$ cat coords-v2.pdb   # PDB, C-alpha atoms
MODEL        1
ATOM      1  CA  GLY A  14       3.832 -47.237   5.317
ATOM      2  CA  GLY A  15       4.997 -43.781   6.193
ATOM      3  CA  ALA A  16       8.305 -42.173   5.458
ATOM      4  CA  THR A  17      10.210 -39.591   7.448
ATOM      5  CA  LEU A  18      12.561 -37.155   5.772
ATOM      6  CA  LEU A  19      15.277 -35.506   7.812
ATOM      7  CA  PHE A  20      17.059 -32.395   6.554
ATOM      8  CA  ASP A  21      20.285 -30.826   7.770
ATOM      9  CA  VAL A  22      20.186 -27.062   7.280
ATOM     10  CA  GLU A  23      23.321 -24.937   7.395
ATOM     11  CA  LEU A  24      23.035 -21.165   7.792
ATOM     12  CA  ILE A  25      25.649 -19.653   5.513
ATOM     13  CA  ARG A  26      24.999 -15.939   5.769
ATOM     14  CA  ILE A  27      22.606 -13.360   7.253
ATOM     15  CA  GLU A  28      22.110 -10.063   5.424
ATOM     16  CA  GLU A  29      20.058  -6.948   5.989
ATOM     17  CA  GLY A  30      17.075  -6.975   3.668
ATOM     18  CA  PRO A  31      15.777  -3.890   1.910
ATOM     19  CA  ALA A  32      14.339  -1.281   4.239
ATOM     20  CA  PRO A  33      10.581  -1.753   4.514
ATOM     21  CA  VAL A  34       8.480   0.962   2.934
ATOM     22  CA  ASN A  35       6.160   2.837   5.266
ATOM     23  CA  VAL A  36       3.281   3.427   2.859
ATOM     24  CA  PHE A  37       1.161   5.059   5.579
ATOM     25  CA  LYS A  38       3.797   7.754   6.108
ATOM     26  CA  GLN A  39       4.062   8.311   2.329
ATOM     27  CA  ILE A  40       0.316   8.866   2.036
ATOM     28  CA  ASP A  41      -0.095  10.944   5.233
ATOM     29  CA  ILE A  42       0.977  14.287   3.731
ATOM     30  CA  ASP A  43       0.078  16.399   6.785
ATOM     31  CA  SER A  44       1.520  13.858   9.277
ATOM     32  CA  ASP A  45      -1.635  13.809  11.426
ATOM     33  CA  MET A  46      -1.625   9.972  11.666
ATOM     34  CA  ALA A  47      -4.883   9.773   9.692
ATOM     35  CA  LEU A  48      -5.490   9.443   5.957
ATOM     36  CA  SER A  49      -8.128  11.590   4.300
ATOM     37  CA  LYS A  50      -9.815  10.800   1.000
ATOM     38  CA  GLU A  51      -7.788  13.619  -0.563
ATOM     39  CA  GLU A  52      -4.499  12.137   0.650
ATOM     40  CA  ILE A  53      -5.415   8.655  -0.616
ATOM     41  CA  SER A  54      -6.574  10.069  -3.940
ATOM     42  CA  SER A  55      -3.388  12.104  -4.362
ATOM     43  CA  TYR A  56      -1.173   9.110  -3.540
ATOM     44  CA  LEU A  57      -3.043   6.828  -5.963
ATOM     45  CA  ARG A  58      -2.839   9.437  -8.713
ATOM     46  CA  GLU A  59       0.954   9.692  -8.249
ATOM     47  CA  GLN A  60       1.361   5.924  -8.347
ATOM     48  CA  VAL A  61      -0.865   5.447 -11.370
ATOM     49  CA  GLU A  62       0.639   8.394 -13.287
ATOM     50  CA  SER A  63       4.049   6.742 -13.033
ATOM     51  CA  MET A  64       2.608   3.508 -14.512
ATOM     52  CA  LYS A  65       0.311   4.828 -17.230
ATOM     53  CA  ASP A  66       3.044   5.388 -19.808
ATOM     54  CA  ALA A  67       4.191   1.790 -19.514
ATOM     55  CA  GLU A  68       3.708  -0.463 -22.491
ATOM     56  CA  GLY A  69       1.068  -3.136 -22.769
ATOM     57  CA  GLU A  70      -1.156  -4.426 -20.007
ATOM     58  CA  GLN A  71       0.327  -2.358 -17.162
ATOM     59  CA  GLY A  72      -0.244   0.924 -19.024
ATOM     60  CA  GLU A  73      -3.774  -0.096 -19.958
ATOM     61  CA  GLU A  74      -4.610  -1.032 -16.383
ATOM     62  CA  ALA A  75      -3.181   2.270 -15.095
ATOM     63  CA  ARG A  76      -5.316   4.292 -17.520
ATOM     64  CA  LYS A  77      -8.412   2.388 -16.380
ATOM     65  CA  MET A  78      -7.520   3.025 -12.708
ATOM     66  CA  LEU A  79      -7.287   6.765 -13.383
ATOM     67  CA  GLU A  80     -10.812   6.695 -14.819
ATOM     68  CA  ASP A  81     -12.157   4.733 -11.837
ATOM     69  CA  GLN A  82     -10.130   6.501  -9.148
ATOM     70  CA  ASP A  83     -13.036   8.020  -7.192
ATOM     71  CA  LYS A  84     -14.714   4.625  -7.021
ATOM     72  CA  LEU A  85     -11.422   3.036  -5.935
ATOM     73  CA  VAL A  86     -11.005   5.575  -3.101
ATOM     74  CA  GLU A  87     -14.572   4.852  -1.931
ATOM     75  CA  GLU A  88     -13.850   1.100  -1.945
ATOM     76  CA  ILE A  89     -10.665   1.633   0.080
ATOM     77  CA  PHE A  90     -12.597   3.657   2.670
ATOM     78  CA  ALA A  91     -15.407   1.085   2.789
ATOM     79  CA  THR A  92     -12.814  -1.540   3.751
ATOM     80  CA  GLU A  93     -10.288   0.401   5.852
ATOM     81  CA  ASP A  94     -12.325   3.100   7.649
ATOM     82  CA  LYS A  95     -13.627   0.800  10.382
ATOM     83  CA  ASN A  96     -15.476   3.503  12.368
ATOM     84  CA  ASN A  97     -16.761   5.361   9.270
ATOM     85  CA  ASP A  98     -15.453   8.755  10.405
ATOM     86  CA  GLY A  99     -14.083   9.674   6.966
ATOM     87  CA  LEU A 100     -10.460   9.095   7.998
ATOM     88  CA  ILE A 101      -8.280   6.000   8.000
ATOM     89  CA  THR A 102      -6.226   6.064  11.189
ATOM     90  CA  HIS A 103      -2.850   4.403  11.633
ATOM     91  CA  ASP A 104      -4.548   1.587  13.575
ATOM     92  CA  GLU A 105      -7.206   1.065  10.878
ATOM     93  CA  PHE A 106      -4.686   1.039   8.008
ATOM     94  CA  SER A 107      -3.915  -2.515   6.868
ATOM     95  CA  GLY A 108      -1.070  -1.664   4.476
ATOM     96  CA  PRO A 109       2.668  -1.452   5.250
ATOM     97  CA  LYS A 110       3.401   0.893   8.170
ATOM     98  CA  HIS A 111       6.729  -0.275   9.545
ATOM     99  CA  ASP A 112       7.241   2.175  12.398
ATOM    100  CA  GLU A 113       8.024  -0.655  14.762
ATOM    101  CA  LEU A 114      11.193  -1.646  12.879
TER
ENDMDL
END
$ encode --input "coords-v2.pdb" --output "structure tokens"
Amino acid sequence: GGATLLFDVELIRIEEGPAPVNVFKQIDIDSDMALSKEEISSYLREQVESMKDAEGEQGEEARKMLEDQDKLVEEIFATEDKNNDGLITHDEFSGPKHDEL
């Protein structure tokens, strides 16, 4: 037959979590609410540069990403730029953009 499990849950504490990161705002250098290929490329380069000196697999992956960066930017635009206008708008962007919080 079947079994039913019942759980009693007691809430002990509620805390503020870490503030969400608004990646869109970090990338959007000119604050025009749209991301250009240059802005995406610049952001990726910053992120990868900070990783490339890491030891082992992470450093290796970062060095490979630097080599393939133009291709990576094109892939991002192929996915995110829904209307193919060469910009990724705030609405099109699928990454973290926590303005509503």
$ closest_residue --input "coords-v2.pdb" --among "A:Ser49, A:Arg58, A:Ile27, A:Gln39" --to "Asp94 (chain A)" --atoms "all atoms listed in the file"
A:Ser49
$ resolve_selection --input "coords-v2.pdb" --expression "the PyMOL selection byres ((chain A and resi 48) around 9)" --output "compact mmCIF listing (two decimals) with C-alpha atoms, in the frame of the given file"
# COMPACT_ATOMS: atom_id res chain seq x y z
CA PHE A 37 1.16 5.06 5.58
CA ILE A 40 0.32 8.87 2.04
CA ASP A 41 -0.10 10.94 5.23
CA ILE A 42 0.98 14.29 3.73
CA ASP A 43 0.08 16.40 6.78
CA SER A 44 1.52 13.86 9.28
CA ASP A 45 -1.64 13.81 11.43
CA MET A 46 -1.62 9.97 11.67
CA ALA A 47 -4.88 9.77 9.69
CA SER A 49 -8.13 11.59 4.30
CA LYS A 50 -9.82 10.80 1.00
CA GLU A 51 -7.79 13.62 -0.56
CA GLU A 52 -4.50 12.14 0.65
CA ILE A 53 -5.42 8.65 -0.62
CA GLY A 99 -14.08 9.67 6.97
CA LEU A 100 -10.46 9.10 8.00
CA ILE A 101 -8.28 6.00 8.00
CA THR A 102 -6.23 6.06 11.19
CA HIS A 103 -2.85 4.40 11.63
CA PHE A 106 -4.69 1.04 8.01
$ resolve_selection --input "coords-v2.pdb" --expression "the PyMOL selection byres ((chain A and resi 82) around 12)" --output "mmCIF file with C-alpha atoms, in the coordinates of the input"
data_model
loop_
_atom_site.group_PDB
_atom_site.id
_atom_site.type_symbol
_atom_site.label_atom_id
_atom_site.label_comp_id
_atom_site.auth_asym_id
_atom_site.auth_seq_id
_atom_site.Cartn_x
_atom_site.Cartn_y
_atom_site.Cartn_z
ATOM 1 C CA LYS A 50 -9.815 10.800 1.000
ATOM 2 C CA GLU A 51 -7.788 13.619 -0.563
ATOM 3 C CA ILE A 53 -5.415 8.655 -0.616
ATOM 4 C CA SER A 54 -6.574 10.069 -3.940
ATOM 5 C CA SER A 55 -3.388 12.104 -4.362
ATOM 6 C CA TYR A 56 -1.173 9.110 -3.540
ATOM 7 C CA LEU A 57 -3.043 6.828 -5.963
ATOM 8 C CA ARG A 58 -2.839 9.437 -8.713
ATOM 9 C CA GLU A 59 0.954 9.692 -8.249
ATOM 10 C CA GLN A 60 1.361 5.924 -8.347
ATOM 11 C CA VAL A 61 -0.865 5.447 -11.370
ATOM 12 C CA GLU A 62 0.639 8.394 -13.287
ATOM 13 C CA GLU A 74 -4.610 -1.032 -16.383
ATOM 14 C CA ALA A 75 -3.181 2.270 -15.095
ATOM 15 C CA ARG A 76 -5.316 4.292 -17.520
ATOM 16 C CA LYS A 77 -8.412 2.388 -16.380
ATOM 17 C CA MET A 78 -7.520 3.025 -12.708
ATOM 18 C CA LEU A 79 -7.287 6.765 -13.383
ATOM 19 C CA GLU A 80 -10.812 6.695 -14.819
ATOM 20 C CA ASP A 81 -12.157 4.733 -11.837
ATOM 21 C CA ASP A 83 -13.036 8.020 -7.192
ATOM 22 C CA LYS A 84 -14.714 4.625 -7.021
ATOM 23 C CA LEU A 85 -11.422 3.036 -5.935
ATOM 24 C CA VAL A 86 -11.005 5.575 -3.101
ATOM 25 C CA GLU A 87 -14.572 4.852 -1.931
ATOM 26 C CA GLU A 88 -13.850 1.100 -1.945
ATOM 27 C CA ILE A 89 -10.665 1.633 0.080
#
$ atom_distance --input "coords-v2.pdb" --atom1 "CA of Glu105 (chain A)" --atom2 "CA of Asn35 (chain A)"
14.6 Å
$ atom_distance --input "coords-v2.pdb" --atom1 "CA of Lys110 (chain A)" --atom2 "CA of Glu29 (chain A)"
18.5 Å
